[in-house]
Each structure stands twice: as structure tokens, then as C-alpha cells.
Amino acid sequence: MFMFRRGMGHALPFVVMIVPFAVLFGVVSREAGLAMGEAIVFSMVVVAGTAQFTALQLMMDNAPLAIVIASALAVNLRLVMYSASINPHFGHAPRWMRAVVAYLLVDQTYAQSIVEFDRTPNLTLFQKFAYFMGNGAVVYPLWLIGTAVGVQMGQVITTDGGLDFALPIAFLAMVGPMLRTPAHLAAAFTAATLSLICFDVPYDLGLIIGGLGGMSAGAWVEKSFHRIKTYDG
Amino acid sequence: MTDKIDLWIVIAALGLGSFGMRFVFLGLIKDKPLPDWMTRHLRYTAVALLPALVTPLAVWPDSTGGAADPARLVAACVAVGTGYFTKSVFWGMGAGGGLFISLRFIL
């Protein structure tokens with residue numbers, strides 16, 4: 001129980017990040033014509049804000065279904081890395097436990113847990129699970145409640161025009177702190193440039209082209225400059 | 001976006017896909033580490049895909065019929081710049097969003 005409470009405590013600072021993000025998702029869902037139940041199920045089933053926003057944006061642009069799904073999943077590719085990185089800690093847990101960890105493996109729970117497990121090497125599997133679940137017990141309910149609050153707010157404040165820019169602003173603000181190394185800068189700059197050049201490419205494929213181009217640029221710069229390996233976005 | 005069937009297909013596909021990505025190394029390929037070239041690329045997914053998604057929306061927004069809008073461009077640069085210098089998503093959103101709202105009033 002100590003580790004569970006410790007996990008909850010460490011997740012508290014994320015409240016200021018998750019709540020506005022979740023509320024914004026609710027408001028944008030409402031704007032896109034989703035009912036309360038639909039938006040909540042969306043958040044409950046997918047549990048990945050960035051991918052949810054991407055899908056919503058592309059659906060509002062009337063992109064083909066396959067492109068919506070492919071693009072949103074591409075945004076989620078970093079989850080594969082989280083899964084690989086946390087595997088040494090949970091790889092030998094019972095299947096149900098691994099499934100629960102996988103379901104709740106998001107940016108915040110991953111980042112907190114991996115730091116805690118590195119800092120305290122002798123934790124038992126149960127302690128690690130308790131810590132992880134403590135993180136999740138803060139992050140997950142807030143994600144759903146925030147979504148619901150956002151949908152409710154979206155019904156009250158009718159924002160014609162301008163709101164379409166809330167999402168780009170939120171994503172751009174997220175990109176800023178990620179630009180820590182020359183490789184990250186190269187990735188972002190290449191992706192942005194390619195997405196503009198490929199603006200007229202059909203089926204909104206510019207996103208995928210820009211994304212893959214940016215990833216390659218980042219990887220290339222990293223390799224050329226022998227950057228230290230770290231597991232983060 | 002009134003087609004509810006499309007919406008549920010997207011939700012189901014993303015749910016399965018996202019869970020699959022999280023479970024793939026936890027559940028299936030237990031003890032194999034990812035090859036170096038792959039982690040090297042995956043490390044830059046977020047920092048590449050987010051700008052690729054958002055830059056066209058900032059430069060040629062739908063709601064202006066695709067014409068560049070100075071308020072959006074300035075607010076976009078301020079959001080990235082503030083996020084970069086303060087290392088805080090929160091401040092970046094506040095500065096970019098606040099500036100955009102003010103500029104819309106003025107212009």
C-alpha cells in the first residue's frame with residue numbers, strides 16, 4: 001500500500017497537464033459532433049490523448065478512414081518503445097498483470113515508473129505493480145472526468161471560429177520542450193517542412209510523409225553525432 | 001462528421017492498435033530488446049509527427065479558407081518558443097493561446 005500511495009503522490013504534479021488536455025479533448029469532441037457517451041468511450045478505449053486528437057482532427061477534415069487510423073496509430077508509435085523499455089520490470093508478471101500495465105501505459109505512468117524503478121533497484125514485482133497502479137489511479141480517472149467536463153463545457157460555450165486553433169496551439173506548446181537536442185530539432189524542422197511541401201498530396205498523406213521524414217532526420221543526426229541513448233519522446 | 005459507424009470503427013481500431021503497441025513487448029516478444037536502429041527512429045515519433053500534423057493547420061488554416069493568418073502564425077511561433085524556453089507545455093499553451101485570443105480582438 002505504501003508503494004501505491006507513493007505512486008499516487010508522484011503522479012499529482014501531472015494533474016495540471018492532464019486536466020486541461022482532457023478538457024480540451026472533450027470540448028473539441030463536442031465541436032466535432034460527438035455525444036457525451038461517445039467521447040468518454042473514446043477516451044476509455046484508446047487512452048492516448050495525442051492519437052485521439054489526431055483522429056478527431058482528421059475526421060473533421062473528412063480524411064479517408066484508413067488514413068485517420070494509420071495517422072493516429074503512427075502518432076502512437078512511441079508506445080512500442082515504452083513497452084520494450086518497461087518489459088524488464090513486468091515481463092515475467094502474470095498475463096493479467098501485463099495486460100493491465102499495457103492498458104495503462106501512457107506518457108505519464110511510463111515516465112514516472114521508469115524513473116522510480118531505476119532509482120530503487122530492489123523493488124519486488126508487487127511493489128512495482130503497486131507503484132504503477134498508484135500512478136494510474138491518478139492519471140486514468142482524471143483523463144475520463146476531464147473529457148466529460150470538456151464535453152459539458154462545449155455545450156455551454158458556443159465558440160464559432162478560433163477554437164479550431166486550440167488544438168494546434170496545444171500541440172505546438174508540447175513540441176517546444178521536446179526540442180532538447182540537435183536531433184530533436186532536426187526531426188521537428190524536417191517534419192514541418194515536409195508537411196508543408198506535401199500539403200497537396202492526396203488523402204492527407206503529408207502527415208505520414210512528414211512524420212517518417214522527420215523521424216529519419218532525427219535518427220540520422222543522432223547517429224552522426226553519437227548521441228547518448230535515452231528512452232524518451 | 002455525422003457518420004457514427006465511421007466513428008466507432010476509428011475508436012475500435014485505435015483501441016486495438018494502441019493496446020497492441022503497448023502489449024507487444026510486454027506480452028509477446030518478452031526478452032528480445034528492440035534493435036538499435038528502431039529505437040533510434042521511435043525516439044523521434046512525437047517530435048516529428050506533431051509538427052507534421054500541426055504546421056499546415058497553423059500556416060493554411062481551414063477556417064480562413066486556406067489563407068495564411070498573421071494572428072495564427074505569430075501565436076504558433078510564440079507557443080513553440082515559450083514551450084522551448086520555459087520547458088513547460090503549460091506556459092507554451094497559455095502564451096500562445098492568450099496571444100491568439102488578444103490578437104483576434106485587436107485585428
# chains A, B, ... in the order shown; residues from 1 in each chain; ligands from 1
$ interface_residues --of "chain A" --to "chain B" --cutoff "6 Å" --atoms "only C-alpha atoms" --output "PyMOL selection string"
chain A and resi 42+45-46+60+78-80+83-84+87+91+102+168+170+172-174+176-177+187-188+191-192+195-196+207+210-211+214-215+219+233
$ residues_around --residues "Ala137 (chain A)" --least-positions-apart "5" --cutoff "9 Å" --atoms "only C-alpha atoms" --output "list in words"
Phe4, Gly7, Met8, Ala11, Phe132 and Leu142 of chain A
$ residues_around --residues "Ile145 (chain A)" --least-positions-apart "5" --cutoff "12 Å" --atoms "only C-alpha atoms" --output "ChimeraX atom specification"
/A:15,18-26,36-37,39-41,43-44,138-140,150-152
$ write_last_selection --atoms "N, CA and C atoms" --output "PDB file, in the first residue's frame"
ATOM      1  N   VAL A  15      -1.365  16.460 -12.768  1.00  0.00           N
ATOM      2  CA  VAL A  15      -2.753  16.900 -12.823  1.00  0.00           C
ATOM      3  C   VAL A  15      -2.880  18.168 -13.662  1.00  0.00           C
ATOM      4  N   ILE A  18      -2.707  16.997 -17.331  1.00  0.00           N
ATOM      5  CA  ILE A  18      -3.718  16.095 -17.868  1.00  0.00           C
ATOM      6  C   ILE A  18      -5.087  16.749 -17.937  1.00  0.00           C
ATOM      7  N   VAL A  19      -5.445  17.474 -16.873  1.00  0.00           N
ATOM      8  CA  VAL A  19      -6.802  18.024 -16.826  1.00  0.00           C
ATOM      9  C   VAL A  19      -7.087  18.981 -17.993  1.00  0.00           C
ATOM     10  N   PRO A  20      -6.217  19.989 -18.251  1.00  0.00           N
ATOM     11  CA  PRO A  20      -6.532  20.861 -19.389  1.00  0.00           C
ATOM     12  C   PRO A  20      -6.588  20.097 -20.712  1.00  0.00           C
ATOM     13  N   PHE A  21      -5.686  19.129 -20.856  1.00  0.00           N
ATOM     14  CA  PHE A  21      -5.622  18.350 -22.089  1.00  0.00           C
ATOM     15  C   PHE A  21      -6.904  17.535 -22.276  1.00  0.00           C
ATOM     16  N   ALA A  22      -7.363  16.914 -21.184  1.00  0.00           N
ATOM     17  CA  ALA A  22      -8.577  16.100 -21.245  1.00  0.00           C
ATOM     18  C   ALA A  22      -9.795  16.983 -21.514  1.00  0.00           C
ATOM     19  N   VAL A  23      -9.844  18.138 -20.833  1.00  0.00           N
ATOM     20  CA  VAL A  23     -10.975  19.050 -21.027  1.00  0.00           C
ATOM     21  C   VAL A  23     -11.013  19.518 -22.484  1.00  0.00           C
ATOM     22  N   LEU A  24      -9.835  19.852 -23.009  1.00  0.00           N
ATOM     23  CA  LEU A  24      -9.759  20.293 -24.397  1.00  0.00           C
ATOM     24  C   LEU A  24     -10.256  19.195 -25.337  1.00  0.00           C
ATOM     25  N   PHE A  25      -9.890  17.951 -25.021  1.00  0.00           N
ATOM     26  CA  PHE A  25     -10.368  16.845 -25.865  1.00  0.00           C
ATOM     27  C   PHE A  25     -11.897  16.788 -25.836  1.00  0.00           C
ATOM     28  N   GLY A  26     -12.471  16.974 -24.648  1.00  0.00           N
ATOM     29  CA  GLY A  26     -13.928  16.972 -24.533  1.00  0.00           C
ATOM     30  C   GLY A  26     -14.566  18.081 -25.347  1.00  0.00           C
ATOM     31  N   MET A  36     -21.782  12.909 -25.403  1.00  0.00           N
ATOM     32  CA  MET A  36     -21.055  12.675 -24.154  1.00  0.00           C
ATOM     33  C   MET A  36     -20.525  11.247 -24.061  1.00  0.00           C
ATOM     34  N   GLY A  37     -21.426  10.269 -24.253  1.00  0.00           N
ATOM     35  CA  GLY A  37     -21.038   8.869 -24.126  1.00  0.00           C
ATOM     36  C   GLY A  37     -19.957   8.483 -25.121  1.00  0.00           C
ATOM     37  N   ALA A  39     -17.667  10.407 -26.539  1.00  0.00           N
ATOM     38  CA  ALA A  39     -16.364  10.984 -26.182  1.00  0.00           C
ATOM     39  C   ALA A  39     -15.724  10.216 -25.031  1.00  0.00           C
ATOM     40  N   ILE A  40     -16.546   9.843 -24.029  1.00  0.00           N
ATOM     41  CA  ILE A  40     -15.993   9.128 -22.872  1.00  0.00           C
ATOM     42  C   ILE A  40     -15.507   7.739 -23.281  1.00  0.00           C
ATOM     43  N   VAL A  41     -16.295   7.039 -24.085  1.00  0.00           N
ATOM     44  CA  VAL A  41     -15.855   5.715 -24.548  1.00  0.00           C
ATOM     45  C   VAL A  41     -14.572   5.838 -25.370  1.00  0.00           C
ATOM     46  N   SER A  43     -12.173   8.033 -24.976  1.00  0.00           N
ATOM     47  CA  SER A  43     -11.069   8.184 -24.024  1.00  0.00           C
ATOM     48  C   SER A  43     -10.786   6.891 -23.274  1.00  0.00           C
ATOM     49  N   MET A  44     -11.858   6.129 -23.003  1.00  0.00           N
ATOM     50  CA  MET A  44     -11.729   4.916 -22.198  1.00  0.00           C
ATOM     51  C   MET A  44     -11.073   3.790 -23.003  1.00  0.00           C
ATOM     52  N   VAL A 138      -4.328   7.975 -10.458  1.00  0.00           N
ATOM     53  CA  VAL A 138      -4.493   9.426 -10.569  1.00  0.00           C
ATOM     54  C   VAL A 138      -4.772   9.811 -12.021  1.00  0.00           C
ATOM     55  N   VAL A 139      -3.945   9.279 -12.918  1.00  0.00           N
ATOM     56  CA  VAL A 139      -3.966   9.714 -14.308  1.00  0.00           C
ATOM     57  C   VAL A 139      -5.252   9.296 -15.029  1.00  0.00           C
ATOM     58  N   TYR A 140      -5.648   8.040 -14.868  1.00  0.00           N
ATOM     59  CA  TYR A 140      -6.734   7.490 -15.678  1.00  0.00           C
ATOM     60  C   TYR A 140      -8.100   8.112 -15.361  1.00  0.00           C
ATOM     61  N   GLY A 150     -15.148  18.543 -20.305  1.00  0.00           N
ATOM     62  CA  GLY A 150     -14.949  19.255 -21.566  1.00  0.00           C
ATOM     63  C   GLY A 150     -16.174  19.197 -22.460  1.00  0.00           C
ATOM     64  N   VAL A 151     -16.785  18.012 -22.564  1.00  0.00           N
ATOM     65  CA  VAL A 151     -17.979  17.880 -23.406  1.00  0.00           C
ATOM     66  C   VAL A 151     -19.084  18.787 -22.856  1.00  0.00           C
ATOM     67  N   GLN A 152     -19.231  18.771 -21.526  1.00  0.00           N
ATOM     68  CA  GLN A 152     -20.242  19.609 -20.875  1.00  0.00           C
ATOM     69  C   GLN A 152     -19.977  21.088 -21.172  1.00  0.00           C
TER      70      GLN A 152
END
$ closest_residue --among "A:Gly33, A:Met178, A:Met3, A:Gly49" --to "Leu144 (chain A)" --atoms "only C-alpha atoms"
A:Gly49
$ select_by_dssp --residues "region 31-101 of chain B" --states "helix (DSSP H, G or I)" --output "PyMOL selection string"
chain B and resi 36-42+45-59+62-64+70-86+89-101
$ write_last_selection --atoms "C-alpha atoms" --output "compact mmCIF listing (two decimals), in the first residue's frame"
# COMPACT_ATOMS: atom_id res chain seq x y z
CA ASP B 36 19.16 -0.01 -32.19
CA TRP B 37 18.03 1.47 -35.49
CA MET B 38 14.42 1.03 -34.42
CA THR B 39 14.70 2.73 -31.02
CA ARG B 40 16.67 5.45 -32.74
CA HIS B 41 13.71 6.14 -35.04
CA LEU B 42 10.98 5.60 -32.45
CA THR B 45 7.99 9.86 -33.34
CA ALA B 46 6.33 12.52 -31.21
CA VAL B 47 8.71 15.33 -32.07
CA ALA B 48 8.28 14.61 -35.81
CA LEU B 49 4.60 13.71 -36.09
CA LEU B 50 3.19 16.57 -34.02
CA PRO B 51 4.82 19.30 -36.17
CA ALA B 52 3.82 17.40 -39.32
CA LEU B 53 0.20 17.40 -38.14
CA VAL B 54 0.06 20.95 -36.89
CA THR B 55 2.25 23.09 -39.18
CA PRO B 56 -0.17 23.04 -42.13
CA LEU B 57 -3.05 23.87 -39.75
CA ALA B 58 -1.12 26.91 -38.50
CA VAL B 59 0.05 28.12 -41.91
CA ASP B 62 -9.27 25.68 -42.92
CA SER B 63 -11.36 28.29 -41.17
CA THR B 64 -9.80 31.12 -43.23
CA PRO B 70 -0.92 36.61 -39.17
CA ALA B 71 -2.58 36.09 -35.75
CA ARG B 72 -2.28 32.30 -36.09
CA LEU B 73 1.30 32.41 -37.35
CA VAL B 74 2.51 34.67 -34.56
CA ALA B 75 0.63 32.72 -31.88
CA ALA B 76 2.04 29.44 -33.24
CA CYS B 77 5.63 30.72 -33.06
CA VAL B 78 5.06 32.08 -29.55
CA ALA B 79 3.61 28.75 -28.37
CA VAL B 80 6.64 26.78 -29.61
CA GLY B 81 9.12 29.41 -28.44
CA THR B 82 7.64 29.73 -24.96
CA GLY B 83 7.43 25.96 -24.63
CA TYR B 84 11.05 25.68 -25.70
CA PHE B 85 12.45 28.30 -23.33
CA THR B 86 10.32 27.57 -20.26
CA VAL B 89 3.75 22.84 -22.02
CA PHE B 90 1.54 24.82 -19.70
CA TRP B 91 3.26 28.17 -20.28
CA GLY B 92 3.53 27.50 -24.00
CA MET B 93 -0.23 26.89 -24.24
CA GLY B 94 -1.00 29.91 -22.08
CA ALA B 95 1.25 32.28 -24.00
CA GLY B 96 0.24 31.06 -27.46
CA GLY B 97 -3.47 30.80 -26.66
CA GLY B 98 -3.58 34.10 -24.79
CA LEU B 99 -1.82 35.93 -27.59
CA PHE B 100 -4.10 34.40 -30.22
CA ILE B 101 -7.24 35.49 -28.35
$ residues_around --residues "Ser113 (chain A)" --least-positions-apart "3" --cutoff "10 Å" --atoms "only C-alpha atoms" --output "list in words"
Gly7, His10, Ala11, Ile86, His89, Leu105, Gln108, Thr109, Tyr110, Glu116, Phe117, Asp118, Arg119, Lys128, Phe129, Tyr131, Phe132, Met133, Gly134 and Asn135 of chain A
